[in-house]
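> Dropping in target-v3.tsv, which is TSV, C-alpha atoms:
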```
chain	number	residue	atom	x	y	z
A	1	MET	CA	0.00	0.00	0.00
A	2	SER	CA	1.36	3.45	-0.96
A	3	THR	CA	2.07	6.12	1.60
A	4	ILE	CA	0.94	9.57	0.47
A	5	ILE	CA	2.77	12.66	1.65
A	6	ILE	CA	1.00	16.00	1.15
A	7	ILE	CA	3.13	18.98	0.25
A	8	ASN	CA	2.55	22.05	2.41
A	9	PRO	CA	2.42	24.96	-0.06
A	10	MET	CA	2.33	27.56	2.72
A	11	LYS	CA	5.78	26.82	4.04
A	12	THR	CA	6.92	30.43	3.77
A	13	THR	CA	5.47	33.74	2.69
A	14	LEU	CA	8.21	34.04	0.08
A	15	PHE	CA	7.19	30.67	-1.38
A	16	ILE	CA	3.58	31.85	-1.68
A	17	LEU	CA	4.56	35.08	-3.43
A	18	CYS	CA	6.90	33.33	-5.86
A	19	SER	CA	4.34	30.63	-6.60
A	20	LEU	CA	1.87	33.25	-7.84
A	21	LEU	CA	4.22	33.89	-10.75
A	22	PHE	CA	3.46	30.48	-12.22
A	23	THR	CA	0.31	29.77	-14.27
A	24	SER	CA	0.73	26.06	-13.62
A	25	SER	CA	-0.61	25.44	-10.13
A	26	ILE	CA	1.17	23.03	-7.78
A	27	TRP	CA	-1.26	23.31	-4.87
A	28	SER	CA	-2.86	19.97	-5.73
A	29	GLN	CA	0.30	17.98	-6.34
A	30	THR	CA	1.03	15.05	-4.05
A	31	ILE	CA	4.33	13.29	-3.59
A	32	LEU	CA	4.03	9.50	-3.76
A	33	TYR	CA	6.33	7.17	-1.86
A	34	LYS	CA	6.34	3.48	-2.70
A	35	LYS	CA	8.95	0.78	-2.10
A	36	GLY	CA	11.64	3.34	-1.37
A	37	LYS	CA	10.95	5.44	-4.47
A	38	TYR	CA	9.30	8.80	-5.04
A	39	GLY	CA	6.77	9.86	-7.67
A	40	LEU	CA	3.85	12.25	-8.11
A	41	SER	CA	0.05	12.19	-8.33
A	42	ASP	CA	-2.64	14.81	-8.95
A	43	ALA	CA	-5.52	15.89	-6.71
A	44	SER	CA	-7.70	13.02	-7.92
A	45	GLY	CA	-5.08	10.44	-7.02
A	46	ASN	CA	-4.06	9.80	-10.61
A	47	VAL	CA	-0.40	8.90	-10.94
A	48	ILE	CA	1.31	11.46	-13.15
A	49	LEU	CA	4.84	10.30	-12.36
A	50	LYS	CA	5.52	6.72	-11.35
A	51	PRO	CA	7.76	6.44	-8.28
A	52	LYS	CA	11.33	6.10	-9.56
A	53	TYR	CA	13.48	8.61	-7.70
A	54	ASP	CA	15.47	7.98	-4.53
A	55	TYR	CA	14.27	11.31	-3.16
A	56	MET	CA	11.95	14.17	-4.10
A	57	ALA	CA	11.89	17.52	-2.29
A	58	GLU	CA	8.91	19.82	-1.91
A	59	PHE	CA	8.09	22.11	-4.81
A	60	VAL	CA	9.61	25.56	-4.60
A	61	ASN	CA	8.67	28.16	-7.21
A	62	GLY	CA	7.15	25.45	-9.41
A	63	TYR	CA	10.02	22.95	-9.38
A	64	ALA	CA	11.14	20.09	-7.15
A	65	ARG	CA	14.62	18.73	-6.60
A	66	ILE	CA	15.00	15.02	-7.39
A	67	GLU	CA	17.72	12.53	-6.55
A	68	LEU	CA	18.71	9.32	-8.31
A	69	ASN	CA	21.88	7.34	-7.64
A	70	GLU	CA	23.27	10.25	-5.60
A	71	LYS	CA	22.85	12.70	-8.48
A	72	TYR	CA	20.37	15.60	-8.55
A	73	GLY	CA	18.06	17.29	-11.03
A	74	PHE	CA	14.58	18.87	-11.25
A	75	ILE	CA	11.00	18.11	-12.28
A	76	ASP	CA	8.20	20.59	-12.90
A	77	ALA	CA	4.68	20.45	-11.46
A	78	SER	CA	3.48	18.19	-14.29
A	79	GLY	CA	6.11	15.61	-13.41
A	80	LYS	CA	8.26	16.41	-16.43
A	81	GLU	CA	11.96	15.97	-15.84
A	82	ILE	CA	13.43	19.30	-16.90
A	83	VAL	CA	16.92	18.55	-15.58
A	84	ALA	CA	18.13	14.96	-15.49
A	85	PRO	CA	19.78	13.84	-12.25
A	86	LYS	CA	23.39	14.57	-13.16
A	87	TYR	CA	24.61	17.16	-10.68
A	88	ASP	CA	26.37	16.55	-7.36
A	89	GLN	CA	24.26	19.25	-5.66
A	90	VAL	CA	21.49	21.61	-6.69
A	91	ARG	CA	19.72	24.48	-5.00
A	92	ASP	CA	16.08	25.48	-5.46
A	93	PHE	CA	15.05	27.73	-8.32
A	94	ALA	CA	14.63	31.43	-7.59
A	95	LEU	CA	13.61	33.97	-10.23
A	96	GLY	CA	14.08	31.34	-12.91
A	97	TYR	CA	17.61	30.21	-12.05
A	98	ALA	CA	19.24	27.59	-9.85
A	99	ASN	CA	22.76	26.95	-8.61
A	100	VAL	CA	24.19	23.54	-9.52
A	101	GLU	CA	27.41	21.82	-8.51
A	102	LEU	CA	29.49	19.45	-10.62
A	103	ALA	CA	32.93	18.11	-9.69
A	104	LYS	CA	33.06	20.52	-6.71
A	105	LYS	CA	32.46	23.56	-8.93
A	106	TRP	CA	29.32	25.70	-9.04
A	107	GLY	CA	27.39	27.14	-11.97
A	108	VAL	CA	23.85	28.23	-12.86
A	109	ILE	CA	21.04	26.75	-15.00
A	110	ASP	CA	17.70	28.15	-16.13
A	111	THR	CA	14.30	26.44	-15.96
A	112	THR	CA	14.89	24.68	-19.29
A	113	GLY	CA	18.03	23.08	-17.92
A	114	LYS	CA	20.26	25.28	-20.06
A	115	VAL	CA	23.61	26.10	-18.47
A	116	VAL	CA	23.91	29.89	-18.20
A	117	VAL	CA	27.03	29.86	-16.01
A	118	VAL	CA	29.47	27.01	-16.56
A	119	PRO	CA	30.29	25.23	-13.27
A	120	GLU	CA	33.73	26.63	-12.55
A	121	TYR	CA	33.30	28.60	-9.34
A	122	ALA	CA	34.27	27.61	-5.81
A	123	TYR	CA	30.95	28.69	-4.26
A	124	ALA	CA	27.30	28.93	-5.23
A	125	ILE	CA	26.53	32.26	-6.91
A	126	GLU	CA	24.40	34.43	-4.64
A	127	PHE	CA	23.47	38.00	-5.53
A	128	ASP	CA	23.59	40.77	-2.96
A	129	PHE	CA	20.07	42.09	-2.27
A	130	PHE	CA	21.09	45.76	-2.39
A	131	THR	CA	23.66	45.85	-5.19
A	132	GLY	CA	22.39	43.03	-7.41
A	133	LEU	CA	25.98	41.80	-7.73
A	134	ALA	CA	27.57	38.50	-6.74
A	135	ASP	CA	30.92	37.64	-5.20
A	136	ILE	CA	32.49	34.89	-7.34
A	137	ALA	CA	35.54	32.81	-6.47
A	138	ILE	CA	37.88	30.50	-8.34
A	139	ASP	CA	40.98	28.58	-7.31
A	140	ASP	CA	44.03	30.78	-6.89
A	141	PRO	CA	46.51	29.39	-9.45
A	142	ASN	CA	49.42	30.60	-7.31
A	143	GLU	CA	48.18	28.97	-4.08
A	144	HIS	CA	46.16	26.07	-5.42
A	145	THR	CA	47.77	23.43	-3.20
A	146	TRP	CA	46.73	25.42	-0.14
A	147	GLY	CA	43.10	25.70	-1.18
A	148	TYR	CA	43.02	29.49	-1.49
A	149	ASN	CA	40.53	31.29	-3.74
A	150	ILE	CA	40.61	34.57	-5.61
A	151	HIS	CA	37.47	36.65	-5.89
A	152	GLY	CA	35.76	38.84	-8.46
A	153	ILE	CA	32.27	40.17	-9.21
A	154	MET	CA	29.43	39.04	-11.48
A	155	ASN	CA	26.34	41.09	-12.37
A	156	SER	CA	22.74	39.88	-12.51
A	157	ASP	CA	23.10	39.16	-16.25
A	158	PHE	CA	25.73	36.57	-15.24
A	159	LYS	CA	28.47	38.68	-16.79
A	160	VAL	CA	31.81	38.84	-14.98
A	161	ILE	CA	32.42	42.57	-14.49
A	162	LEU	CA	35.47	42.17	-12.26
A	163	GLN	CA	37.81	39.31	-13.02
A	164	PRO	CA	38.80	37.29	-9.93
A	165	LYS	CA	42.11	38.54	-8.52
A	166	TYR	CA	41.52	39.52	-4.88
A	167	SER	CA	41.60	37.47	-1.68
A	168	SER	CA	38.12	38.82	-0.91
A	169	VAL	CA	35.60	41.44	-2.01
A	170	LYS	CA	33.11	43.11	0.32
A	171	TRP	CA	30.41	45.70	-0.32
A	172	VAL	CA	30.66	48.63	2.09
A	173	ASP	CA	29.07	52.07	2.50
A	174	TYR	CA	28.11	54.29	-0.45
A	175	ASP	CA	28.39	51.38	-2.96
A	176	TYR	CA	32.15	51.06	-2.59
A	177	VAL	CA	33.83	47.65	-2.61
A	178	GLN	CA	36.53	46.83	-0.09
A	179	VAL	CA	39.11	44.41	-1.46
A	180	ASP	CA	41.71	42.36	0.34
A	181	MET	CA	44.99	40.98	-0.95
A	182	TYR	CA	46.46	38.65	1.66
A	183	SER	CA	45.27	40.80	4.62
A	184	LYS	CA	46.11	44.14	3.01
A	185	PHE	CA	43.11	46.31	2.10
A	186	GLY	CA	42.13	48.56	-0.76
A	187	LEU	CA	38.97	50.06	-2.23
A	188	LEU	CA	37.08	50.07	-5.51
A	189	ASN	CA	34.68	52.90	-6.32
A	190	PRO	CA	31.12	52.10	-7.50
A	191	ALA	CA	32.42	51.89	-11.09
A	192	LEU	CA	34.74	49.09	-9.80
A	193	GLU	CA	37.82	51.19	-10.45
A	194	GLU	CA	40.65	50.54	-8.01
A	195	ILE	CA	41.16	53.91	-6.33
A	196	VAL	CA	43.12	52.57	-3.34
A	197	PRO	CA	45.39	49.58	-4.06
A	198	PRO	CA	45.15	46.67	-1.60
A	199	LYS	CA	48.27	47.36	0.43
A	200	TYR	CA	47.02	49.16	3.52
A	201	LYS	CA	46.07	48.17	7.07
A	202	ASN	CA	42.66	49.82	6.82
A	203	VAL	CA	40.51	51.67	4.30
A	204	ALA	CA	36.97	53.03	4.50
A	205	PRO	CA	34.56	55.32	2.63
A	206	ILE	CA	33.79	58.33	4.82
A	207	ALA	CA	31.24	59.97	2.52
A	208	PRO	CA	29.91	59.39	-1.02
A	209	GLU	CA	32.87	61.31	-2.51
A	210	LEU	CA	35.46	60.78	0.23
A	211	VAL	CA	37.64	57.80	1.15
A	212	ALA	CA	40.27	57.41	3.90
A	213	PHE	CA	43.09	54.88	4.12
A	214	LEU	CA	45.58	54.17	6.89
A	215	ASP	CA	49.28	54.05	6.08
A	216	ASN	CA	52.03	53.96	8.71
A	217	GLY	CA	49.70	55.30	11.39
A	218	LEU	CA	48.34	58.19	9.34
A	219	TRP	CA	45.00	58.57	7.57
A	220	TYR	CA	45.04	59.94	4.03
A	221	LEU	CA	42.01	61.29	2.16
A	222	VAL	CA	41.20	60.69	-1.51
A	223	ASN	CA	38.11	61.35	-3.62
A	224	ARG	CA	36.00	58.88	-5.63
A	225	SER	CA	38.54	58.97	-8.46
A	226	GLY	CA	41.43	58.19	-6.13
A	227	LYS	CA	42.94	61.68	-6.30
A	228	PRO	CA	44.04	63.39	-3.05
A	229	ALA	CA	41.17	65.21	-1.37
A	230	SER	CA	43.38	66.94	1.17
A	231	ASP	CA	47.08	67.52	1.82
A	232	ILE	CA	46.48	67.05	5.55
A	233	THR	CA	46.91	63.66	7.24
A	234	TYR	CA	45.29	62.57	10.49
A	235	THR	CA	46.13	60.21	13.34
A	236	ASP	CA	42.46	59.48	14.03
A	237	MET	CA	39.48	59.31	11.67
A	238	ASN	CA	35.77	58.78	12.35
A	239	TYR	CA	32.69	58.27	10.18
A	240	MET	CA	30.39	61.12	9.22
A	241	SER	CA	27.83	62.24	11.78
A	242	ASN	CA	25.55	65.18	10.93
A	243	GLU	CA	27.64	65.77	7.77
A	244	LEU	CA	30.91	66.14	9.69
A	245	ALA	CA	33.54	63.60	10.71
A	246	LYS	CA	35.69	63.95	13.80
A	247	VAL	CA	39.44	63.85	13.10
A	248	SER	CA	42.64	64.28	15.06
A	249	ARG	CA	46.13	65.57	14.26
A	250	ASP	CA	48.98	66.82	16.43
A	251	GLY	CA	47.04	65.65	19.47
A	252	LYS	CA	44.12	67.97	18.78
A	253	PHE	CA	40.59	67.31	17.50
A	254	GLY	CA	38.52	68.95	14.80
A	255	PHE	CA	36.05	68.09	12.03
A	256	ILE	CA	36.11	67.61	8.26
A	257	ASP	CA	33.21	67.83	5.80
A	258	ALA	CA	32.21	65.37	3.06
A	259	THR	CA	34.80	66.81	0.63
A	260	GLY	CA	37.71	66.37	3.05
A	261	LYS	CA	37.95	70.06	3.93
A	262	GLU	CA	38.81	70.75	7.57
A	263	LYS	CA	35.59	72.61	8.39
A	264	ILE	CA	36.44	73.02	12.09
A	265	VAL	CA	40.15	73.31	12.70
A	266	CYS	CA	41.87	70.75	14.94
A	267	LYS	CA	42.36	72.72	18.14
A	268	TYR	CA	40.28	70.99	20.80
A	269	ASP	CA	41.78	68.83	23.55
A	270	GLU	CA	38.79	66.46	23.38
A	271	ALA	CA	35.73	66.20	21.15
A	272	GLU	CA	32.67	64.07	20.62
A	273	SER	CA	31.02	63.44	17.27
A	274	PHE	CA	28.14	65.68	16.24
A	275	SER	CA	24.66	64.73	17.38
A	276	GLU	CA	21.53	66.80	16.84
A	277	GLU	CA	23.53	69.60	15.18
A	278	LYS	CA	25.99	70.05	18.05
A	279	ALA	CA	29.16	68.51	19.43
A	280	LYS	CA	30.64	68.53	22.89
A	281	VAL	CA	34.28	69.71	23.01
A	282	LYS	CA	36.93	70.49	25.61
A	283	LEU	CA	39.46	73.31	25.34
A	284	ASN	CA	41.86	74.51	28.01
A	285	GLY	CA	39.98	72.61	30.70
A	286	ARG	CA	36.57	74.03	29.73
A	287	GLU	CA	33.77	71.89	28.28
A	288	PHE	CA	31.12	73.35	25.99
A	289	TYR	CA	29.12	72.68	22.81
A	290	ILE	CA	29.79	73.97	19.31
A	291	ASP	CA	27.61	74.14	16.20
A	292	LYS	CA	28.61	72.87	12.75
A	293	ASN	CA	30.38	76.15	11.98
A	294	GLY	CA	32.57	75.81	15.05
A	295	ASN	CA	30.73	78.50	16.98
A	296	GLU	CA	30.25	78.03	20.70
A	297	ILE	CA	26.62	77.41	21.65
A	298	LYS	CA	25.63	79.58	24.57
```
Re-express the file's structure as structure tokens.


Amino acid sequence: MSTIIIINPMKTTLFILCSLLFTSSIWSQTILYKKGKYGLSDASGNVILKPKYDYMAEFVNGYARIELNEKYGFIDASGKEIVAPKYDQVRDFALGYANVELAKKWGVIDTTGKVVVVPEYAYAIEFDFFTGLADIAIDDPNEHTWGYNIHGIMNSDFKVILQPKYSSVKWVDYDYVQVDMYSKFGLLNPALEEIVPPKYKNVAPIAPELVAFLDNGLWYLVNRSGKPASDITYTDMNYMSNELAKVSRDGKFGFIDATGKEKIVCKYDEAESFSEEKAKVKLNGREFYIDKNGNEIK
């Protein structure tokens, strides 16, 4: 006697929303399990796919993962095998694409089974929600025996827009990309131009048009094109707060604006970052507040 397992189509809200994109309904599909094999029937109990797979997952976005002889593929809601079980691993379809693994390398297929990204990457390709870009990694040819990877960037059209060459890539503030080359850091601007080479202890975007990097204990400022934004260096650098960033040089504190200009000269013995249009400072033993023009607030 067959055991019938009902799929729960309300597993997640995301699943419900994605399922509405498909004209072919899967709400009435039932997974069959008989003599250790999986198949499919319709709402009336009619067998539409005789049990033949070693495993069948729940339907996600109109497709179900199948396993046969430790290889994986996909069927659609009608029971049609759209991808034969030939991959070592597969991930569920999302927005018409699925990650697949073959010989320990990852690629991407579409819902027809067509390969849109050849399996050659070290990790599954996952796109960042905010940028729409993906970190991709391949074996580092210079460190292959140690298992290192080098990283690049792919866009949502599956086009490689930054060839893999860095130890890591990381999206940071203002759409900049922080890159690492064996624990030395650099920065790419939003156009993926290298404006700070990866050879510094620290680097960070301070504002949309302003970047700071740390070299031999001093912070230098450059603009989005990588050109110097100031000829002044600082021993301490903070992020923008109320359009000004607290900085320090020669043991004194002041503030720079989003272009790198020292808006409030470094003369205070102590200073806090701006909050609600004012900052608390200390000068010659006296504590008081200043506005964003450096005027004392009475």

> Give me, as a list in words, all polymer residues having an atom no more than 12 Å from Pro228 (chain A), counting all atoms listed in the file and skipping those fewer than 5 positions away in the same chain.

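Surrounding residues, per the criterion: Ile195, Val196, Glu209, Leu210, Val211, Ala212, Phe213, Trp219, Tyr220, Leu221, Val222, Asn223, Thr233, Thr259, Gly260 and Lys261 of chain A.
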
> Find the axis-aligned box for region 196-206 of chain A, covering all its listed atoms and adding 3 Å on each side, and write its centre and edge lengths in Å to one decimal as AutoDock Vina command-line options.


```
--center_x 41.0 --center_y 52.5 --center_z 1.5 --size_x 20.5 --size_y 17.7 --size_z 17.1
```

> Give me the residues of region 139-244 of chain A that have any atom at most 9 Å from an atom of region 277-297 of chain A; for each, the nearest atom pair and the distance in Å, rounded to one decimal. Use only C-alpha atoms, sort by chain and number, and format it as CSV.


```
residue,atom,partner,partner_atom,distance
A:Asn242,CA,A:Glu277,CA,6.5
A:Glu243,CA,A:Lys292,CA,8.7
A:Leu244,CA,A:Lys292,CA,7.7
```

> So how far away is CA of Gly39 (chain A) from CA of Lys52 (chain A), in Å?

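Atom-to-atom, CA of Lys52 (chain A) to CA of Gly39 (chain A), that is 6.2 Å.
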
> In Å to one decimal, how far is CA of Asp269 (chain A) from CA of Pro208 (chain A)?

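CA of Asp269 (chain A) lies at a distance of 28.9 Å from CA of Pro208 (chain A).
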